[in-house]
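*Asks:* Here you go, one structure.
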Amino acid sequence: DRLPELLRAMPKAELHIHIEGSLEPELIFQLAQRNQVGLAYPDVDALRAAYAFTDLQSFLDIYYAGASVLLKEEDFFDMAMAYYRRAQADHVVHAEVFFDPQTHTARGVPFETVIRGLTRAKETAQRELGVSSELILCFLRHLSEDEAFATLEQALPWRDHFIGVGLDSSERGNPPEKFARVFAKCRELGLRLVAHAGEEGPASYIRSALDVLHAERIDHGVRCVEDPALVERLAAERVPLTVCPLSNVKLCVFPTMAQHNLATLLERGLCVTVNSDDPAYFGGYVNQNYLEAFAALPQLHAGHAYTLARNSLEASFASDADKARWI
Ligand code: ES4
Ligand code: ZN
């Protein structure tokens with residue numbers, strides 16, 4: 001069976017990766033030592049043993065704790081370079097990388113430190129690894145819209161360093177409507193717009209992300225199947241869904257990979273992509289997501305592999321010239 005080799009080797013884009021979720025336990029301990037930050041776990045094995053999640057919130061608690069070791073520009077650079085090396089190994093030609101500035105500014109780390117480290121890594125990855133990428137600033141939806149506006153204000157001097165904004169963190173009880181005004185402002189500024197919706201939250205959050213926020217892509221979106229008219233619309237408008245199979249299983253959105261709806265979404269004609277979300281926490285980088293999904297879902301064949309890879313390149317915010325080179 002040559003399908004695994006095809007999945008590994010085909011050129012692809014990754015459109016849903018939280019850079020703080022690429023922080024491996026070994027690097028967490030290395031940075032904790034370098035920065036003299038205390039951790040609640042004695043060693044790498046104890047930390048990894050805590051990666052048993054029951055839902056999104058149980059993951060986010062440990063994800064924000066892991067990010068506490070990031071203090072200096074070099075830390076953000078080292079974290080992102082480790083991701084870019086893994087992405088290159090998985091034949092990722094283009095990545096659109098989420099970052100959560102509020103997780104850092106809330107701890108007294110200046111926005112400038114975060115963006116300088118990530119930008120330097122982005123440029124180094126292009127130059128030394130041939131991996132192109134863009135940065136997407138995510139607002140934390142468990143915080144207020146005023147706090148999102150304050151973050152946007154801090155980011156504006158760095159406007160040319162990120163291509164768009166997203167919305168992440170605790171979905172339930174934090175609907176897209178809460179961020180309508182800040183997304184409207186970002187839209188006026190010409191920023192590209194994406195939002196997490198329909199991961200743990202209902203299909204109605206996907207509708208609001210489209211109609212209220214004007215999101216161009218939906219991150220996750222797997223709960224769209226609960227609303228057949230919405231599925232029709234997503235297909236007709238070719239709204240990309242950035243699906244993260246291993247994430248969905250680790251956070252108990254689906255009990256097992258065999259029960260994941262990836263094949264169903266493809267069958268309904270949706271522009272689905274496969275992504276890693278938080279690879280250090282969920283059991284693998286993007287190729288592992290392709291491999292495990294295809295291994296568990298017998299309906300998926302080589303044709304679906306090509307479709308998923310082509311979708312990822314097409315749904316990216318890369319230039320038409322770059323897309324023409326890749327597709
Ligand atoms: C996230 Cl899986 C997921 N969902 C929402 N927000 C996030 N931030 C990092 N990973
Ligand atoms: Zn995510």
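The chains in the structure tokens are called A, B, ... from first to last as shown; in each chain the residues are counted from 1, and the ligands are counted from 1 in the order shown.
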Using only C-alpha atoms and all ligand atoms, which residues have at least one atom no more than 10 Å from ligand 1? Output them as an MDAnalysis selection string.
*Replies:* chainID A and resid 16:22 55:57 59:60 63:64 98:100 138:142 166:171 195:197 199:200 219:220 244 246:248 250:251 276:279 281:282
*Asks:* Which polymer residues have any atom within 9 Å of an atom of Ile218 (chain A), counting only C-alpha atoms, with same-chain residues fewer than 5 positions away left out, as a PyMOL selection string?
*Replies:* chain A and resi 194-198+206+209-210+239-243
*Asks:* Given only C-alpha atoms as the basis, pick out the residue of A:Glu292, A:Glu177, A:Glu112, A:Glu123 nearest to Trp158 (chain A).
*Replies:*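 Of A:Glu292, A:Glu177, A:Glu112, A:Glu123, the one nearest Trp158 (chain A) is A:Glu112, counting only C-alpha atoms.
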*Asks:* Give me the residues within 12 Å of region 183-186 of chain A as a ChimeraX atom specification, counting only C-alpha atoms and dropping any in the same chain fewer than 3 places off.
*Replies:* /A:136-139,145-146,148-149,151-153,155-156,159,162-167,176-180,189-195,209-216
*Asks:* Those same residues - C-alpha atoms - I'd like them written as a tab-separated table (two decimals), in the first residue's frame.
*Replies:*
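What follows is the written file result_17.tsv:
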```tsv
chain	number	residue	atom	x	y	z
A	136	ILE	CA	-2.30	35.19	11.93
A	137	LEU	CA	-2.97	37.03	15.20
A	138	CYS	CA	-5.64	35.28	17.27
A	139	PHE	CA	-7.85	37.02	19.82
A	145	GLU	CA	-13.81	42.53	23.11
A	146	ASP	CA	-12.21	45.59	24.75
A	148	ALA	CA	-9.13	42.36	21.80
A	149	PHE	CA	-9.25	46.03	20.74
A	151	THR	CA	-4.34	43.96	21.48
A	152	LEU	CA	-5.16	45.21	17.98
A	153	GLU	CA	-3.91	48.66	19.03
A	155	ALA	CA	-0.33	45.18	16.94
A	156	LEU	CA	-0.97	48.03	14.51
A	159	ARG	CA	0.58	45.61	10.71
A	162	PHE	CA	0.78	39.52	10.04
A	163	ILE	CA	-1.71	38.76	7.30
A	164	GLY	CA	-4.89	38.45	9.31
A	165	VAL	CA	-6.69	37.75	12.56
A	166	GLY	CA	-8.43	34.74	14.05
A	167	LEU	CA	-10.48	33.85	17.10
A	176	PRO	CA	-18.65	35.18	17.37
A	177	GLU	CA	-21.09	38.06	18.05
A	178	LYS	CA	-18.97	39.01	21.08
A	179	PHE	CA	-16.22	40.13	18.64
A	180	ALA	CA	-18.34	41.71	15.88
A	189	LEU	CA	-7.86	47.52	7.87
A	190	GLY	CA	-7.70	44.95	5.06
A	191	LEU	CA	-6.74	42.06	7.34
A	192	ARG	CA	-7.74	38.53	6.33
A	193	LEU	CA	-10.31	36.98	8.70
A	194	VAL	CA	-10.68	33.46	10.10
A	195	ALA	CA	-12.39	32.10	13.22
A	209	ALA	CA	-18.63	33.52	12.04
A	210	LEU	CA	-19.60	33.88	8.36
A	211	ASP	CA	-22.44	36.42	8.64
A	212	VAL	CA	-21.34	38.55	11.59
A	213	LEU	CA	-17.51	38.32	11.48
A	214	HIS	CA	-17.21	37.77	7.69
A	215	ALA	CA	-14.69	34.98	8.32
A	216	GLU	CA	-13.15	33.68	5.08
```
*Asks:* List every residue of region 197-288 of chain A that has an atom at most 8 Å from any atom of region 301-320 of chain A, giving for each one its closest atom pair and the distance in Å to one decimal, counting only C-alpha atoms, sorted by chain and then by ascending residue number, as JSON lines.
*Replies:*
```
{"residue": "A:Arg217", "atom": "CA", "partner": "A:Ala315", "partner_atom": "CA", "distance": 8.0}
{"residue": "A:Pro240", "atom": "CA", "partner": "A:Ala315", "partner_atom": "CA", "distance": 6.1}
{"residue": "A:Leu266", "atom": "CA", "partner": "A:His304", "partner_atom": "CA", "distance": 7.8}
{"residue": "A:Cys271", "atom": "CA", "partner": "A:Asn311", "partner_atom": "CA", "distance": 6.1}
{"residue": "A:Val272", "atom": "CA", "partner": "A:Leu308", "partner_atom": "CA", "distance": 6.3}
{"residue": "A:Thr273", "atom": "CA", "partner": "A:Ser312", "partner_atom": "CA", "distance": 5.3}
{"residue": "A:Val274", "atom": "CA", "partner": "A:Leu308", "partner_atom": "CA", "distance": 6.8}
```
*Asks:* Using DSSP secondary structure from the backbone, list all strand (DSSP E or B) positions within region 25-187 of chain A, as number ranges by chain.
*Replies:* A: 92-99, 132-140, 164-168
*Asks:* What's around Lys72 (chain A) at 8 Å? Count only C-alpha atoms, leave out sequence neighbours fewer than 2 positions away in its own chain, and write the answer as a ChimeraX atom specification.
*Replies:* /A:70,74-76,109,113-114
*Asks:* At a cut-off of 9 Å, using only C-alpha atoms, what residues contact Asp90 (chain A)? Leave out same-chain residues fewer than 3 positions from it and give the result as a VMD selection string.
*Replies:* chain A and resid 8 to 12 85 to 87 93 285 to 288
*Asks:* With only C-alpha atoms and all ligand atoms as the basis for distance, which of A:Glu24, A:Glu226, A:Glu5, A:Glu96 is at the shortest distance from ligand 2?
*Replies:*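 Using only C-alpha atoms and all ligand atoms, the shortest distance to ligand 2 belongs to A:Glu96.
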*Asks:* Measuring between only C-alpha atoms, which one of A:Ala258, A:Val37, A:Ala52, A:Leu265 shows the shortest distance to Leu71 (chain A)?
*Replies:* A:Val37
*Asks:* With only C-alpha atoms and all ligand atoms as the basis for distance, which of A:Leu15, A:Leu129, A:Ala95, A:Leu291 is at the shortest distance from ligand 2?
*Replies:*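 Going through A:Leu15, A:Leu129, A:Ala95, A:Leu291 one by one, the smallest distance to ligand 2 is for A:Leu15.
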*Asks:* So how far away is CA of Pro255 (chain A) from CA of Ala65 (chain A), in Å?
*Replies:* 25.8 Å
*Asks:* If DSSP is run on the backbone, what residues of region 43-152 of chain A are alpha helix (DSSP H)? A reply as an MDAnalysis selection string would be ideal.
*Replies:* chainID A and resid 44:49 56:66 73:89 101:105 111:124 145:152
*Asks:* Compile the contact shell of Ala125 (chain A) as a PyMOL selection string: residues with an atom at most 8 Å away, counting only C-alpha atoms, same-chain residues fewer than 6 positions apart removed.
*Replies:* chain A and resi 81+84-85+131-132
